[in-house]
>>> print(open('work-v5.txt').read())   # compact mmCIF, C-alpha atoms and all ligand atoms
# COMPACT_ATOMS: atom_id res chain seq x y z
CA MET Y 1481 78.07 30.76 59.65
CA ASP Y 1482 81.29 28.88 60.42
CA ARG Y 1483 84.28 30.94 59.22
CA GLY Y 1484 85.61 28.22 56.91
CA LYS Y 1485 82.18 27.88 55.32
CA GLN Y 1486 82.00 31.65 54.91
CA VAL Y 1487 85.26 31.60 52.91
CA LYS Y 1488 84.00 28.73 50.75
CA ALA Y 1489 80.67 30.51 50.17
CA VAL Y 1490 82.37 33.65 48.84
CA LEU Y 1491 84.61 31.57 46.55
CA ALA Y 1492 81.64 29.61 45.20
CA ARG Y 1493 79.49 32.73 44.69
CA GLN Y 1494 82.21 34.57 42.77
CA GLY Y 1495 83.49 31.55 40.86
CA TRP Y 1496 86.95 31.92 42.36
CA SER Y 1497 89.62 29.47 43.46
CA LEU Y 1498 92.15 30.00 46.23
CA ARG Y 1499 95.45 28.22 46.73
CA ARG Y 1500 98.20 28.52 49.30
CA VAL Y 1501 101.47 29.78 47.88
CA PRO Y 1502 104.71 28.69 49.58
CA SER Y 1503 106.35 31.74 51.12
CA ALA Y 1504 109.09 31.80 53.76
CA GLY Y 1505 107.77 33.05 57.10
CA ARG Y 1506 104.46 34.33 55.70
CA ILE Y 1507 101.00 33.07 54.97
CA ARG Y 1508 100.21 33.75 51.36
CA PHE Y 1509 97.44 32.86 48.90
CA ALA Y 1510 96.80 33.29 45.20
CA LEU Y 1511 93.25 34.04 44.13
CA GLY Y 1512 92.15 33.18 40.62
CA ARG Y 1513 89.01 32.61 38.59
CA ALA Y 1514 87.98 28.96 38.88
CA GLY Y 1515 88.83 26.91 35.80
CA THR Y 1516 91.55 29.28 34.60
CA LYS Y 1517 95.25 29.16 35.35
CA ARG Y 1518 95.67 32.91 35.61
CA ASP Y 1519 95.95 34.47 39.09
CA LEU Y 1520 93.97 37.59 39.85
CA CYS Y 1521 95.15 38.68 43.21
CA ASP Y 1522 97.87 38.05 45.78
CA LEU Y 1523 96.74 37.80 49.41
CA SER Y 1524 99.28 37.92 52.21
CA LEU Y 1525 98.92 37.99 55.94
CA ALA Y 1526 100.52 40.66 58.11
CA PRO Y 1527 100.05 41.42 61.82
CA LEU Y 1528 98.50 44.77 62.68
CA GLY Y 1529 100.91 47.09 64.47
CA ASP Y 1530 104.42 46.06 65.43
CA ALA Y 1531 105.08 42.53 64.16
CA ARG Y 1532 106.89 41.52 67.36
CA ARG Y 1533 104.39 43.12 69.71
CA PRO Y 1534 101.22 44.01 67.88
CA LEU Y 1535 99.39 46.90 69.55
CA THR Y 1536 96.14 45.30 68.58
CA PRO Y 1537 96.68 41.55 68.54
CA SER Y 1538 95.01 41.02 65.23
CA VAL Y 1539 95.97 40.53 61.63
CA ARG Y 1540 95.45 42.22 58.30
CA LEU Y 1541 95.19 40.38 55.06
CA ARG Y 1542 96.70 42.49 52.33
CA ALA Y 1543 95.17 42.00 48.91
CA ARG Y 1544 97.08 43.14 45.83
CA LEU Y 1545 95.64 42.90 42.35
CA LEU Y 1546 98.20 41.39 40.00
CA PRO Y 1547 99.38 43.50 37.03
CA GLY Y 1548 96.88 43.37 34.20
CA ALA Y 1549 94.14 41.86 36.38
CA ALA Y 1550 90.85 43.67 36.80
CA LEU Y 1551 87.81 43.00 38.95
CA ARG Y 1552 84.39 42.74 37.38
CA ASN Y 1553 81.21 44.32 38.72
CA GLY Y 1554 80.47 43.03 42.20
CA GLU Y 1555 83.82 41.32 42.56
CA ARG Y 1556 85.34 44.13 44.60
CA ALA Y 1557 82.69 43.65 47.29
CA GLY Y 1558 83.32 39.91 47.04
CA LEU Y 1559 87.03 40.45 47.57
CA GLU Y 1560 86.38 42.59 50.66
CA GLU Y 1561 84.07 39.90 51.99
CA LEU Y 1562 86.61 37.16 51.30
CA ARG Y 1563 89.37 39.15 52.93
CA ALA Y 1564 87.30 39.79 56.06
CA ALA Y 1565 86.32 36.10 56.28
CA LEU Y 1566 89.89 34.90 55.76
CA CYS Y 1567 91.21 37.43 58.24
CA ALA Y 1568 88.89 36.16 60.96
CA PHE Y 1569 89.63 32.56 59.98
CA LEU Y 1570 93.39 33.00 60.14
CA GLU Y 1571 93.59 35.33 63.10
CA PRO Y 1572 94.69 32.81 65.74
CA HIS Y 1573 97.52 31.70 63.43
CA GLY Y 1574 98.60 35.22 62.66
CA GLN Y 1575 99.14 36.30 66.23
CA ALA Y 1576 102.62 36.81 67.49
CA GLY Y 1577 101.32 35.93 70.95
CA PRO Y 1578 98.85 37.92 73.01
CA ALA Y 1579 99.87 41.52 73.55
CA LEU Y 1580 99.18 42.03 77.24
CA GLY Y 1581 100.85 45.36 77.77
CA GLU Y 1582 100.43 48.09 75.17
CA ARG Y 1583 101.65 51.63 74.81
CA HIS Y 1584 99.45 53.88 72.73
CA GLU Y 1585 99.58 57.47 71.70
CA GLY Y 1586 96.24 58.60 73.04
CA LYS Y 1587 94.57 61.96 72.89
CA GLY Y 1588 96.13 62.95 76.21
CA GLY Y 1589 99.60 61.62 75.39
CA ARG Y 1590 101.04 58.21 76.21
CA GLU Y 1591 98.58 55.61 77.40
CA LEU Y 1592 99.63 52.41 79.13
CA LEU Y 1593 97.22 49.52 78.75
CA LEU Y 1594 97.19 46.04 80.24
CA ARG Y 1595 94.98 43.27 78.86
CA THR Y 1596 94.49 40.88 81.74
CA THR Y 1597 92.27 38.42 79.94
CA PHE Y 1598 91.16 37.39 76.46
CA ALA Y 1599 87.86 36.06 77.79
CA CYS Y 1600 84.68 38.10 77.48
CA ASN Y 1601 81.02 37.64 78.32
CA GLN Y 1602 80.06 39.35 75.04
CA ARG Y 1603 80.87 39.01 71.34
CA CYS Y 1604 80.59 42.39 69.60
CA PRO Y 1605 81.11 41.61 65.91
CA PHE Y 1606 83.42 44.57 65.32
CA CYS Y 1607 85.68 43.92 68.33
CA PHE Y 1608 89.31 43.62 67.27
CA VAL Y 1609 90.59 41.71 70.32
CA PRO Y 1610 91.08 37.97 69.66
CA LEU Y 1611 88.87 36.33 72.26
CA THR Y 1612 90.67 33.10 72.98
CA GLY Y 1613 88.80 32.68 76.27
CA ARG Y 1614 92.11 32.50 78.13
CA ALA Y 1615 93.31 34.76 80.89
CA ALA Y 1616 96.90 35.96 80.94
CA THR Y 1617 99.08 34.01 83.37
CA ASP Y 1618 100.09 35.57 86.69
CA SER Y 1619 103.73 35.61 85.66
CA ASP Y 1620 102.96 37.29 82.31
CA ILE Y 1621 100.92 39.96 84.06
CA SER Y 1622 103.68 40.55 86.57
CA ALA Y 1623 106.29 40.88 83.79
CA GLU Y 1624 104.06 43.25 81.79
CA LEU Y 1625 103.39 45.41 84.83
CA ALA Y 1626 107.12 45.69 85.40
CA ALA Y 1627 107.68 46.62 81.73
CA LEU Y 1628 104.84 49.18 81.72
CA SER Y 1629 105.97 50.74 84.98
CA ARG Y 1630 109.29 51.63 83.31
CA HIS Y 1631 107.33 53.94 80.98
CA ARG Y 1632 105.25 55.45 83.74
CA GLY Y 1633 105.59 59.21 83.73
CA PRO Y 1634 104.12 61.56 86.31
CA GLY Y 1635 100.35 61.22 86.48
CA ALA Y 1636 100.34 58.16 84.21
CA LYS Y 1637 97.16 56.12 84.20
CA LEU Y 1638 97.10 52.39 83.75
CA ILE Y 1639 94.20 51.27 81.57
CA ILE Y 1640 93.01 47.79 82.54
CA SER Y 1641 91.33 46.07 79.65
CA GLY Y 1642 90.63 42.67 78.11
CA GLY Y 1643 88.49 40.89 76.89
CA GLU Y 1644 86.29 41.85 79.77
CA PRO Y 1645 88.46 42.39 82.84
CA THR Y 1646 85.60 41.95 85.31
CA VAL Y 1647 85.17 38.27 84.35
CA ASP Y 1648 88.66 37.67 85.76
CA PRO Y 1649 88.37 36.88 89.48
CA ARG Y 1650 91.96 38.10 89.97
CA LEU Y 1651 91.08 41.70 89.04
CA PRO Y 1652 91.40 43.20 92.56
CA VAL Y 1653 94.67 41.30 93.08
CA ILE Y 1654 96.03 42.57 89.76
CA ILE Y 1655 95.21 46.15 90.74
CA SER Y 1656 96.93 45.68 94.10
CA ALA Y 1657 99.99 44.34 92.23
CA ALA Y 1658 99.95 47.38 89.92
CA LYS Y 1659 99.88 49.65 92.97
CA LEU Y 1660 102.96 47.92 94.30
CA LYS Y 1661 104.65 48.77 90.97
CA GLY Y 1662 103.86 52.43 91.59
CA PHE Y 1663 100.65 52.94 89.59
CA ARG Y 1664 98.16 55.18 91.37
CA ARG Y 1665 95.61 56.03 88.72
CA PHE Y 1666 93.55 53.47 86.86
CA VAL Y 1667 90.95 53.36 84.11
CA LEU Y 1668 88.88 50.19 83.83
CA GLN Y 1669 87.46 49.33 80.40
CA THR Y 1670 84.33 47.26 80.92
CA ASN Y 1671 80.79 46.52 79.75
CA ALA Y 1672 79.56 47.04 83.38
CA VAL Y 1673 77.44 43.84 83.36
CA ARG Y 1674 79.24 42.56 86.49
CA PHE Y 1675 78.50 45.80 88.34
CA ALA Y 1676 74.75 45.17 88.41
CA GLN Y 1677 75.16 43.48 91.78
CA GLY Y 1678 77.08 44.87 94.73
CA GLY Y 1679 80.52 43.65 95.70
CA LEU Y 1680 83.02 43.98 92.89
CA LEU Y 1681 82.49 47.68 92.18
CA GLU Y 1682 82.80 48.55 95.86
CA ARG Y 1683 86.05 46.58 96.11
CA LEU Y 1684 87.50 48.35 93.09
CA LEU Y 1685 86.50 51.77 94.39
CA LYS Y 1686 88.19 50.97 97.68
CA LEU Y 1687 91.35 50.07 95.76
CA GLY Y 1688 91.24 53.49 94.12
CA VAL Y 1689 89.82 52.62 90.68
CA SER Y 1690 87.56 55.59 90.12
CA ASP Y 1691 87.73 56.10 86.35
CA TYR Y 1692 85.66 53.81 84.11
CA MET Y 1693 85.24 53.49 80.35
CA VAL Y 1694 82.00 51.62 79.71
CA SER Y 1695 81.01 50.14 76.35
CA PHE Y 1696 77.29 50.80 76.04
CA HIS Y 1697 76.08 51.12 72.46
CA THR Y 1698 72.31 51.24 72.74
CA HIS Y 1699 69.47 51.73 75.22
CA LYS Y 1700 67.25 49.23 73.38
CA PRO Y 1701 67.35 45.70 74.85
CA ALA Y 1702 66.84 43.71 71.62
CA LEU Y 1703 69.44 45.79 69.81
CA TYR Y 1704 71.80 45.41 72.77
CA ASP Y 1705 71.67 41.62 72.25
CA ARG Y 1706 72.46 42.00 68.55
CA ILE Y 1707 75.32 44.46 68.97
CA THR Y 1708 76.99 42.60 71.82
CA GLY Y 1709 76.37 39.09 70.47
CA SER Y 1710 74.92 38.20 73.86
CA ARG Y 1711 71.47 37.34 75.17
CA GLY Y 1712 69.48 38.95 77.96
CA GLN Y 1713 72.31 41.03 79.41
CA TYR Y 1714 70.80 44.45 78.76
CA ALA Y 1715 69.14 44.85 82.17
CA GLN Y 1716 72.38 44.01 83.97
CA ALA Y 1717 74.47 46.30 81.76
CA ALA Y 1718 72.07 49.22 82.27
CA ALA Y 1719 71.90 48.55 86.03
CA GLY Y 1720 75.70 48.27 86.21
CA LEU Y 1721 76.14 51.56 84.38
CA ALA Y 1722 73.55 53.25 86.60
CA ARG Y 1723 75.36 51.98 89.73
CA LEU Y 1724 78.66 53.31 88.40
CA ILE Y 1725 77.14 56.72 87.77
CA ARG Y 1726 75.52 56.84 91.22
CA SER Y 1727 78.70 55.71 92.99
CA ARG Y 1728 81.73 57.76 94.01
CA THR Y 1729 83.50 57.24 90.70
CA SER Y 1730 85.36 60.37 89.68
CA ARG Y 1731 84.72 59.83 86.03
CA VAL Y 1732 82.61 57.56 83.82
CA THR Y 1733 83.00 57.65 80.06
CA VAL Y 1734 80.43 55.86 77.95
CA ASN Y 1735 81.98 54.47 74.78
CA VAL Y 1736 79.43 54.28 71.97
CA VAL Y 1737 80.65 52.46 68.88
CA VAL Y 1738 78.47 53.98 66.16
CA ASN Y 1739 77.44 51.37 63.62
CA LYS Y 1740 74.80 50.60 61.02
CA GLN Y 1741 72.37 49.27 63.63
CA ASN Y 1742 72.46 52.07 66.21
CA TYR Y 1743 73.27 55.37 64.49
CA ARG Y 1744 69.66 56.53 64.20
CA ASP Y 1745 69.19 55.99 67.94
CA LEU Y 1746 72.10 58.15 69.07
CA PRO Y 1747 70.00 61.14 70.21
CA GLY Y 1748 67.68 58.79 72.13
CA LEU Y 1749 70.64 57.02 73.73
CA ILE Y 1750 71.95 60.37 74.96
CA ASP Y 1751 68.52 61.22 76.41
CA PHE Y 1752 68.63 57.88 78.25
CA LEU Y 1753 72.12 58.60 79.64
CA GLY Y 1754 70.97 62.11 80.58
CA GLY Y 1755 68.35 60.48 82.81
CA LEU Y 1756 71.05 58.47 84.59
CA VAL Y 1757 73.23 61.47 85.41
CA GLN Y 1758 70.50 63.53 87.08
CA GLY Y 1759 71.63 64.42 90.61
CA ARG Y 1760 75.28 63.50 90.10
CA PRO Y 1761 77.62 66.35 91.14
CA LYS Y 1762 79.04 68.21 88.14
CA SER Y 1763 82.61 67.74 89.44
CA ARG Y 1764 82.31 63.99 88.86
CA ARG Y 1765 82.21 63.88 85.11
CA VAL Y 1766 80.19 61.61 82.88
CA GLY Y 1767 81.36 61.80 79.29
CA VAL Y 1768 80.42 60.21 76.01
CA TYR Y 1769 82.97 58.97 73.53
CA PHE Y 1770 81.50 58.54 70.06
CA SER Y 1771 83.67 56.14 68.10
CA MET Y 1772 83.50 54.70 64.62
CA LEU Y 1773 84.63 51.22 63.62
CA ASN Y 1774 88.41 51.22 63.46
CA GLU Y 1775 90.44 49.54 60.70
CA ALA Y 1776 90.16 46.08 62.18
CA GLY Y 1777 86.46 46.64 62.84
CA HIS Y 1778 85.82 47.57 59.19
CA GLU Y 1779 87.77 44.52 58.06
CA LYS Y 1780 86.10 42.10 60.45
CA ALA Y 1781 82.54 43.36 60.24
CA PRO Y 1782 82.01 45.35 57.02
CA SER Y 1783 78.23 44.92 57.18
CA TRP Y 1784 78.20 46.89 60.47
CA ALA Y 1785 79.95 49.89 58.93
CA VAL Y 1786 77.94 53.02 58.17
CA SER Y 1787 78.70 56.07 56.07
CA LEU Y 1788 79.57 59.42 57.62
CA GLU Y 1789 76.85 61.06 55.50
CA ALA Y 1790 74.25 58.84 57.16
CA VAL Y 1791 75.62 59.35 60.68
CA ARG Y 1792 76.16 63.13 60.50
CA PRO Y 1793 72.65 64.46 61.39
CA TYR Y 1794 72.19 62.00 64.24
CA LEU Y 1795 75.67 62.61 65.62
CA ASP Y 1796 75.12 66.38 65.56
CA ARG Y 1797 71.85 65.99 67.47
CA ALA Y 1798 73.44 63.57 69.94
CA VAL Y 1799 76.29 66.02 70.62
CA GLU Y 1800 73.75 68.83 71.12
CA ASN Y 1801 71.78 66.64 73.53
CA CYS Y 1802 74.95 65.98 75.54
CA GLY Y 1803 75.39 69.72 76.08
CA ARG Y 1804 71.75 70.12 77.16
CA LEU Y 1805 71.85 67.18 79.58
CA GLY Y 1806 75.19 67.85 81.32
CA LEU Y 1807 77.19 65.11 79.61
CA SER Y 1808 80.63 66.01 78.32
CA VAL Y 1809 81.71 64.91 74.85
CA GLU Y 1810 85.17 63.39 74.66
CA ARG Y 1811 87.43 64.98 72.08
CA PHE Y 1812 87.71 63.18 68.73
CA GLY Y 1813 91.34 62.24 69.05
CA SER Y 1814 92.02 58.57 68.44
CA GLU Y 1815 92.06 56.18 65.51
CA SER Y 1816 88.52 55.20 66.45
CA SER Y 1817 87.30 58.80 66.40
CA PHE Y 1818 85.22 60.44 63.73
CA PRO Y 1819 86.96 63.20 61.79
CA VAL Y 1820 85.69 66.45 63.30
CA CYS Y 1821 84.59 67.85 59.94
CA VAL Y 1822 81.46 65.68 60.22
CA LEU Y 1823 80.26 67.96 63.02
CA ARG Y 1824 78.53 71.30 62.54
CA SER Y 1825 80.78 72.90 65.21
CA PRO Y 1826 84.08 71.01 65.17
CA GLU Y 1827 86.33 73.17 67.36
CA PRO Y 1828 85.24 72.07 70.87
CA TYR Y 1829 85.69 68.43 69.89
CA ALA Y 1830 88.97 68.50 67.94
CA ALA Y 1831 92.05 66.85 69.47
CA ARG Y 1832 94.30 69.28 71.30
CA ARG Y 1833 97.53 67.86 69.92
CA ALA Y 1834 98.98 66.92 66.55
CA PHE Y 1835 99.38 63.30 65.41
CA ALA Y 1836 102.06 61.65 63.28
CA GLN Y 1837 100.57 61.37 59.80
CA ASP Y 1838 102.80 58.55 58.58
CA ARG Y 1839 99.95 56.06 58.19
CA VAL Y 1840 97.74 58.54 56.33
CA ARG Y 1841 97.43 58.52 52.57
CA TYR Y 1842 95.91 61.54 50.84
CA ALA Y 1843 93.93 60.48 47.77
CA GLU Y 1844 90.57 61.19 46.20
CA ASP Y 1845 89.73 57.63 45.26
CA PHE Y 1846 90.52 54.50 47.25
CA SER Y 1847 88.10 52.25 45.39
CA GLY Y 1848 90.83 50.71 43.23
CA GLU Y 1849 92.78 49.54 46.27
CA ALA Y 1850 92.26 46.24 47.93
CA GLY Y 1851 94.35 46.61 51.05
CA GLY Y 1852 97.39 48.12 52.62
CA VAL Y 1853 97.19 51.80 53.53
CA GLY Y 1854 96.09 52.43 57.10
CA ARG Y 1855 94.33 55.81 57.13
CA ALA Y 1856 92.68 57.87 54.43
CA LYS Y 1857 92.20 61.58 53.80
CA ARG Y 1858 91.36 63.66 50.74
CA PRO Y 1859 94.04 65.85 49.13
CA SER Y 1860 91.96 68.88 50.20
CA CYS Y 1861 92.48 67.84 53.84
CA ARG Y 1862 95.92 69.41 53.57
CA SER Y 1863 94.25 72.82 53.69
CA CYS Y 1864 91.97 71.89 56.60
CA ALA Y 1865 92.45 73.70 59.89
CA TYR Y 1866 92.44 70.32 61.64
CA ASP Y 1867 94.75 68.36 59.32
CA ALA Y 1868 97.56 67.92 61.86
CA ARG Y 1869 95.13 67.03 64.65
CA CYS Y 1870 93.09 64.54 62.64
CA GLN Y 1871 93.80 60.96 61.66
CA GLY Y 1872 91.21 60.82 58.86
CA VAL Y 1873 89.25 57.60 58.45
CA PRO Y 1874 90.31 53.96 58.07
CA ALA Y 1875 91.31 53.14 54.48
CA ALA Y 1876 88.80 50.28 54.67
CA TYR Y 1877 86.08 52.90 55.24
CA ALA Y 1878 87.30 54.92 52.24
CA ARG Y 1879 87.10 51.86 50.01
CA MET Y 1880 83.56 51.13 51.13
CA PHE Y 1881 82.02 54.60 51.16
CA GLY Y 1882 84.44 57.01 49.46
CA LEU Y 1883 85.57 60.27 51.04
CA LYS Y 1884 82.96 62.75 49.82
CA ALA Y 1885 81.80 63.32 53.40
CA LEU Y 1886 85.15 64.88 54.35
CA GLY Y 1887 85.23 68.63 53.84
CA ALA Y 1888 88.18 70.86 54.77
CA VAL Y 1889 87.38 73.31 57.54
CA ASP Y 1890 88.72 76.87 57.10
CA ALA Y 1891 91.46 77.95 59.47
S1 LIG Y 1901 91.71 66.89 57.90
FE1 LIG Y 1901 90.21 66.06 56.44
S2 LIG Y 1901 89.23 64.41 57.55
FE2 LIG Y 1901 90.28 65.63 59.06
S3 LIG Y 1901 88.74 67.10 59.80
FE3 LIG Y 1901 89.84 68.09 58.12
S4 LIG Y 1901 88.64 67.64 56.26
FE4 LIG Y 1901 87.99 66.22 57.88
>>> encode(input="work-v5.txt", output="C-alpha cells")
Amino acid sequence: MDRGKQVKAVLARQGWSLRRVPSAGRIRFALGRAGTKRDLCDLSLAPLGDARRPLTPSVRLRARLLPGAALRNGERAGLEELRAALCAFLEPHGQAGPALGERHEGKGGRELLLRTTFACNQRCPFCFVPLTGRAATDSDISAELAALSRHRGPGAKLIISGGEPTVDPRLPVIISAAKLKGFRRFVLQTNAVRFAQGGLLERLLKLGVSDYMVSFHTHKPALYDRITGSRGQYAQAAAGLARLIRSRTSRVTVNVVVNKQNYRDLPGLIDFLGGLVQGRPKSRRVGVYFSMLNEAGHEKAPSWAVSLEAVRPYLDRAVENCGRLGLSVERFGSESSFPVCVLRSPEPYAARRAFAQDRVRYAEDFSGEAGGVGRAKRPSCRSCAYDARCQGVPAAYARMFGLKALGAVDA
C-alpha cells in the first residue's frame, strides 16, 4: 500500500485525526480523536544518530502521550503502526543529507564505513538505509575517503556498503581510490547477486578485497523473494555466495537477519551453508552473524519482528549446527545482535569488550511508552555477568514483546 494511504488507513480505523503543528525547525504533529478538540499525543520527528551526520540516515518519530491522555484497547498497536507508517512517509524529508562515511563502535573497535550508493537491487522491508536510487557523487566519495582516512588506525578496515555496492559500476575504481588514501583492508557488504557470473568478483579479489559480509536470510527461494522484496533472484544469490565461498576470499560472513518469516528455518539454513563450505580450507573462515531487527527495523517493519521466546530454540539449534558443520558464529556484539542470555551457552558468543550504556534504559515495563528510549534492559540485567558487554534489545522490541525473555546470567 502507498505510504500516504497507509497513514490514512490507520487514522480511519482508529477514528483519529492528525494535524501539523507549527514548530521552529522541526516536523511536529498532534494526534487526537476525530470529532473532539482534545489532543491525545504529540508526535515529533528526530533524526536517528547525530543530527548533523546521522550514523544511520533515517528518522525516528517520537510519540509522547499528553498528560491525562490514555490509550484504549488496541490503540497502542494502532499508534505503533501509525508511527511506523509516518516514519517511512517522512523519511526523505527528515534526512540531513546522505551519510556516506560513518564511524561506528563495532565489536572489534572502531569501524569505518563508506556508503557508495543508495541504490539497491532488493527491498528488504526492515532495511534502515533510505534507498533513494542515487549513487554518491565522485567528489563526495573522495571527500569522505579523505575524512575517513584521518581516523584510520593500524589495521583499520574500510567497510564498503550501500545500498548494494555491486550495482555501482565504479566499485573497483572506488576501491583503488581508497587504496591511494592508505586503506589496505576492505570488507564488502553485499547480497552477492552480482557475483553469480564471473568478472566482478575476480576484479575485486585482485584489488585485495578478500573479506565479504553477505546478506542471505533464507535458503528457500519463495521466502527469499518475500524477505528481499525482489523476484527470482534466489538462484543468483545462492550461486554468488557459493562462488565467494569457493574463491580465495579470506573470510565470508553470512548475515542472517532473523525475522518472523525465517526463524523456524534457521537450523535448515545452517545445514545448507554447511554444504557450501565443504572442502574450503579451515584457515579461510566462513562465519554466520545472527542479527535481530535493529531499532529502525522494528519501527519500519513491526510485522516482521519476532519474539526472543519464539526464536530461542531455533537459534540454539542453528548455533549447534554451525559448530558441527565448521561454520564460526560471530560474537553477539552490535546493536543488531541478540542478547546472549537467549542462548543456552552464552560465553563463547558474548562480546569481548564493554559498551557505553548511555542509550540503555533499565525498566520492567516499556508498554506504557510510545517512543524515545533507544535500548531496553530489565533491572535484573544489572546483576548479569554480561551487563557491560550487552546492549540489550531495541526499546521498540520491548514495547512489542516485553522483556520476560531476558534472564540475568550468573557471573
Ligand atoms: S544484560 Fe540483560 S539482556 Fe544482556 S545478556 Fe544479561 S540478562 Fe540478557
>>> residues_near_point(input="work-v5.txt", point="(100.8, 60.2, 57.9)", cutoff="10 Å", atoms="all atoms listed in the file", output="number ranges by chain")
Y: 1835-1842, 1854-1857, 1868, 1871-1872
>>> closest_atom_pairs(input="work-v5.txt", of="chain Y", to="ligand LIG 1901 (chain Y)", cutoff="7 Å", atoms="all atoms listed in the file", output="JSON lines")
{"residue": "Y:Pro1819", "atom": "CA", "partner": "Y:LIG1901", "partner_atom": "S3", "distance": 4.7}
{"residue": "Y:Val1820", "atom": "CA", "partner": "Y:LIG1901", "partner_atom": "S3", "distance": 4.7}
{"residue": "Y:Cys1821", "atom": "CA", "partner": "Y:LIG1901", "partner_atom": "S3", "distance": 4.2}
{"residue": "Y:Val1822", "atom": "CA", "partner": "Y:LIG1901", "partner_atom": "FE4", "distance": 7.0}
{"residue": "Y:Lys1857", "atom": "CA", "partner": "Y:LIG1901", "partner_atom": "S2", "distance": 5.6}
{"residue": "Y:Arg1858", "atom": "CA", "partner": "Y:LIG1901", "partner_atom": "FE1", "distance": 6.3}
{"residue": "Y:Cys1861", "atom": "CA", "partner": "Y:LIG1901", "partner_atom": "FE1", "distance": 3.9}
{"residue": "Y:Arg1862", "atom": "CA", "partner": "Y:LIG1901", "partner_atom": "S1", "distance": 6.5}
{"residue": "Y:Cys1864", "atom": "CA", "partner": "Y:LIG1901", "partner_atom": "FE3", "distance": 4.6}
{"residue": "Y:Ala1865", "atom": "CA", "partner": "Y:LIG1901", "partner_atom": "FE3", "distance": 6.4}
{"residue": "Y:Tyr1866", "atom": "CA", "partner": "Y:LIG1901", "partner_atom": "FE3", "distance": 4.9}
{"residue": "Y:Asp1867", "atom": "CA", "partner": "Y:LIG1901", "partner_atom": "S1", "distance": 3.7}
{"residue": "Y:Cys1870", "atom": "CA", "partner": "Y:LIG1901", "partner_atom": "FE2", "distance": 4.7}
{"residue": "Y:Gln1871", "atom": "CA", "partner": "Y:LIG1901", "partner_atom": "FE2", "distance": 6.4}
{"residue": "Y:Gly1872", "atom": "CA", "partner": "Y:LIG1901", "partner_atom": "S2", "distance": 4.3}
{"residue": "Y:Val1873", "atom": "CA", "partner": "Y:LIG1901", "partner_atom": "S2", "distance": 6.9}
{"residue": "Y:Leu1886", "atom": "CA", "partner": "Y:LIG1901", "partner_atom": "FE4", "distance": 4.7}
{"residue": "Y:Gly1887", "atom": "CA", "partner": "Y:LIG1901", "partner_atom": "S4", "distance": 4.3}
{"residue": "Y:Ala1888", "atom": "CA", "partner": "Y:LIG1901", "partner_atom": "S4", "distance": 3.6}
{"residue": "Y:Val1889", "atom": "CA", "partner": "Y:LIG1901", "partner_atom": "FE3", "distance": 5.8}
>>> residues_around(input="work-v5.txt", residues="range 1490-1503 of chain Y", least_positions_apart="5", cutoff="10 Å", atoms="only C-alpha atoms", output="PDB file with C-alpha atoms, keeping the file's coordinate frame")
ATOM      1  CA  LYS Y1485      82.180  27.880  55.320  1.00  0.00           C
ATOM      2  CA  ARG Y1508     100.210  33.750  51.360  1.00  0.00           C
ATOM      3  CA  PHE Y1509      97.440  32.860  48.900  1.00  0.00           C
ATOM      4  CA  ALA Y1510      96.800  33.290  45.200  1.00  0.00           C
ATOM      5  CA  LEU Y1511      93.250  34.040  44.130  1.00  0.00           C
ATOM      6  CA  GLY Y1512      92.150  33.180  40.620  1.00  0.00           C
ATOM      7  CA  ARG Y1513      89.010  32.610  38.590  1.00  0.00           C
ATOM      8  CA  ALA Y1514      87.980  28.960  38.880  1.00  0.00           C
ATOM      9  CA  GLY Y1515      88.830  26.910  35.800  1.00  0.00           C
ATOM     10  CA  THR Y1516      91.550  29.280  34.600  1.00  0.00           C
ATOM     11  CA  LYS Y1517      95.250  29.160  35.350  1.00  0.00           C
ATOM     12  CA  ASP Y1519      95.950  34.470  39.090  1.00  0.00           C
ATOM     13  CA  LEU Y1520      93.970  37.590  39.850  1.00  0.00           C
ATOM     14  CA  CYS Y1521      95.150  38.680  43.210  1.00  0.00           C
ATOM     15  CA  ASP Y1522      97.870  38.050  45.780  1.00  0.00           C
ATOM     16  CA  LEU Y1523      96.740  37.800  49.410  1.00  0.00           C
ATOM     17  CA  SER Y1524      99.280  37.920  52.210  1.00  0.00           C
ATOM     18  CA  GLY Y1554      80.470  43.030  42.200  1.00  0.00           C
ATOM     19  CA  GLU Y1555      83.820  41.320  42.560  1.00  0.00           C
ATOM     20  CA  GLY Y1558      83.320  39.910  47.040  1.00  0.00           C
ATOM     21  CA  LEU Y1559      87.030  40.450  47.570  1.00  0.00           C
ATOM     22  CA  GLU Y1560      86.380  42.590  50.660  1.00  0.00           C
ATOM     23  CA  GLU Y1561      84.070  39.900  51.990  1.00  0.00           C
ATOM     24  CA  LEU Y1562      86.610  37.160  51.300  1.00  0.00           C
ATOM     25  CA  ARG Y1563      89.370  39.150  52.930  1.00  0.00           C
ATOM     26  CA  ALA Y1565      86.320  36.100  56.280  1.00  0.00           C
TER      27      ALA Y1565
END
>>> atom_distance(input="work-v5.txt", atom1="CA of Phe1846 in chain Y", atom2="CA of Ser1816 in chain Y")
19.3 Å
>>> residues_around(input="work-v5.txt", residues="range 1580-1583 of chain Y", least_positions_apart="4", cutoff="6 Å", atoms="only C-alpha atoms", output="list in words")
Leu1535, Glu1591, Leu1592, Leu1593, Leu1594, Arg1595 and Glu1624 of chain Y
>>> residues_near_point(input="work-v5.txt", point="(77.7, 52.6, 63.8)", cutoff="9 Å", atoms="all atoms listed in the file", output="count of residues only")
18
>>> atom_distance(input="work-v5.txt", atom1="CA of Arg1760 in chain Y", atom2="CA of Ser1727 in chain Y")
9.0 Å
>>> closest_residue(input="work-v5.txt", among="Y:Pro1874, Y:Ser1695, Y:Ser1863, Y:Gly1678", to="Asp1890 in chain Y", atoms="only C-alpha atoms")
Y:Ser1863
>>> atom_distance(input="work-v5.txt", atom1="CA of Gln1602 in chain Y", atom2="CA of Gly1709 in chain Y")
5.9 Å
>>> closest_residue(input="work-v5.txt", among="Y:Gly1642, Y:Leu1680, Y:Thr1612, Y:Arg1731", to="Val1667 in chain Y", atoms="only C-alpha atoms")
Y:Arg1731
>>> closest_residue(input="work-v5.txt", among="Y:Leu1753, Y:Leu1721, Y:Leu1681, Y:Ala1830", to="Arg1804 in chain Y", atoms="only C-alpha atoms")
Y:Leu1753
>>> closest_residue(input="work-v5.txt", among="Y:Lys1700, Y:Arg1879, Y:Arg1832, Y:Lys1780", to="Pro1605 in chain Y", atoms="all atoms listed in the file")
Y:Lys1780
>>> axis_aligned_box(input="work-v5.txt", around="range 1852-1867 of chain Y", padding_each_side="3 Å", output="JSON")
{"center_x": 94.4, "center_y": 60.9, "center_z": 55.4, "size_x": 12.0, "size_y": 31.6, "size_z": 18.5}
